[in-house]
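Asks: Here it is: the structure, laid out below.
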Amino acid sequence: MKLSILSLLLVLLCAAGLPAADKKAELMGEMKAMLNAMEEIQSGGLYSCGDCMKGGVKKLQDALKSLESEDVKEILPKGQEYAYKFAQKRAQMLKLYSDDLVNAVNENRMDDALQDYTQLLRECTSCHIRIRNW
């Protein structure tokens, strides 16, 4: 009887951890989507394909929504209280620079669009260096 109860408790404890693991996997997938979006923006800039750059921005902004949710706390380091607000600020800046990039492309200012891409990359790097200790 005790073995049955212990087994049941073990199964319940393992099952309770699954939603958190699913959230973490989903958020890591969003990070990969952001990387792919950045690659698309860069490729579009190098080949002077404004539509490609705007497509990458759309993908990036769609993935940014995950950084604005409370779920992002699942992948941030524990014990670093600033991490959540820092990640949200990076998300705001990514939105700002990506909007500016689209405006530059629409006005056929590719040099400015590529500078905005550089700013996007700096925001990504800033977050990864400070929060992920890379």
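Chains: A, B, ... in order of the structure tokens. Residues: from 1 per chain. Ligands: from 1, in order shown.
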Tell me, as a PyMOL selection string, which residues lie within 12 Å of Ser126 in chain A, counting only C-alpha atoms; anything in the same chain fewer than 2 positions away does not count.
Replies: chain A and resi 83+86-87+89-91+93-94+119-124+128-134
Asks: Output C-alpha atoms of each residue in that selection to a file, as a compact mmCIF listing (two decimals), in the first residue's frame.
Replies:
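part_15.txt was written with the following content:
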# COMPACT_ATOMS: atom_id res chain seq x y z
CA ALA A 83 16.56 39.92 -15.26
CA PHE A 86 15.91 43.86 -18.26
CA ALA A 87 14.49 41.32 -20.73
CA LYS A 89 13.29 46.52 -21.76
CA ARG A 90 15.31 44.69 -24.44
CA ALA A 91 12.01 43.54 -26.01
CA MET A 93 13.97 48.31 -27.71
CA LEU A 94 13.81 45.49 -30.26
CA GLN A 119 21.04 48.04 -33.16
CA LEU A 120 18.74 45.00 -33.08
CA LEU A 121 21.75 42.72 -32.90
CA ARG A 122 23.24 44.80 -30.09
CA GLU A 123 20.05 44.45 -28.07
CA CYS A 124 20.10 40.67 -28.54
CA HIS A 128 22.53 37.28 -23.80
CA ILE A 129 25.69 38.66 -22.21
CA ARG A 130 24.04 39.99 -19.07
CA ILE A 131 21.30 37.46 -18.44
CA ARG A 132 22.66 34.27 -19.91
CA ASN A 133 26.27 35.02 -18.98
CA TRP A 134 27.57 34.26 -22.47
Asks: Please provide the set of residues having any atom within 6 Å of range 41-46 of chain A, restricted to only C-alpha atoms, with same-chain residues fewer than 5 positions apart removed, written as a PDB file with all heavy atoms, in the first residue's frame.
Replies:
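The result, written out as out-v9.pdb:
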ATOM      1  N   CYS A  52      12.108  41.164 -47.904  1.00  0.00           N
ATOM      2  CA  CYS A  52      12.691  40.112 -47.062  1.00  0.00           C
ATOM      3  C   CYS A  52      12.961  40.644 -45.657  1.00  0.00           C
ATOM      4  O   CYS A  52      12.703  39.972 -44.657  1.00  0.00           O
ATOM      5  CB  CYS A  52      13.990  39.589 -47.676  1.00  0.00           C
ATOM      6  SG  CYS A  52      13.811  38.879 -49.320  1.00  0.00           S
ATOM      7  N   MET A  53      13.474  41.882 -45.603  1.00  0.00           N
ATOM      8  CA  MET A  53      13.758  42.495 -44.308  1.00  0.00           C
ATOM      9  C   MET A  53      12.459  42.704 -43.522  1.00  0.00           C
ATOM     10  O   MET A  53      12.402  42.402 -42.328  1.00  0.00           O
ATOM     11  CB  MET A  53      14.498  43.821 -44.486  1.00  0.00           C
ATOM     12  CG  MET A  53      15.893  43.645 -45.065  1.00  0.00           C
ATOM     13  SD  MET A  53      16.740  45.215 -45.291  1.00  0.00           S
ATOM     14  CE  MET A  53      17.309  45.522 -43.626  1.00  0.00           C
ATOM     15  N   GLY A  56      11.261  39.449 -42.132  1.00  0.00           N
ATOM     16  CA  GLY A  56      12.024  39.086 -40.941  1.00  0.00           C
ATOM     17  C   GLY A  56      11.581  39.879 -39.726  1.00  0.00           C
ATOM     18  O   GLY A  56      11.475  39.342 -38.617  1.00  0.00           O
TER      19      GLY A  56
END
Asks: Report, in Å to a single decimal, how far apart CA of Leu67 in chain A and CA of Thr125 in chain A are.
Replies: 15.1 Å
Asks: Pick out the residues sitting within 10 Å of Ala104 in chain A, and hand them over as a PDB file with C-alpha atoms, in the first residue's frame; count only C-alpha atoms, and ignore anything fewer than 5 positions along from it in its own chain.
Replies:
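What ended up in result_7.pdb:
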ATOM      1  CA  GLY A  50      13.318  45.230 -48.500  1.00  0.00           C
ATOM      2  CA  SER A  98      12.486  46.996 -35.829  1.00  0.00           C
ATOM      3  CA  ASP A  99       9.713  49.545 -36.415  1.00  0.00           C
ATOM      4  CA  ARG A 109      17.036  54.218 -46.869  1.00  0.00           C
ATOM      5  CA  MET A 110      18.873  50.890 -46.819  1.00  0.00           C
ATOM      6  CA  ASP A 111      21.902  52.307 -44.965  1.00  0.00           C
ATOM      7  CA  ASP A 112      19.626  53.379 -42.119  1.00  0.00           C
ATOM      8  CA  ALA A 113      17.817  50.040 -42.214  1.00  0.00           C
ATOM      9  CA  LEU A 114      21.122  48.192 -41.841  1.00  0.00           C
ATOM     10  CA  GLN A 115      22.084  50.472 -38.945  1.00  0.00           C
ATOM     11  CA  ASP A 116      18.791  49.548 -37.309  1.00  0.00           C
TER      12      ASP A 116
END
Asks: Counting only C-alpha atoms, figure out which residue out of A:Asn103, A:Asn36, A:Asn108, A:Thr118 gets nearest to Ala63 in chain A.
Replies: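 Among A:Asn103, A:Asn36, A:Asn108, A:Thr118, it is A:Asn36 that comes nearest to Ala63 in chain A.
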Asks: So how far away is CA of Ser66 in chain A from CA of Leu27 in chain A, in Å?
Replies: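 Separating CA of Leu27 in chain A from CA of Ser66 in chain A is a distance of 6.8 Å.
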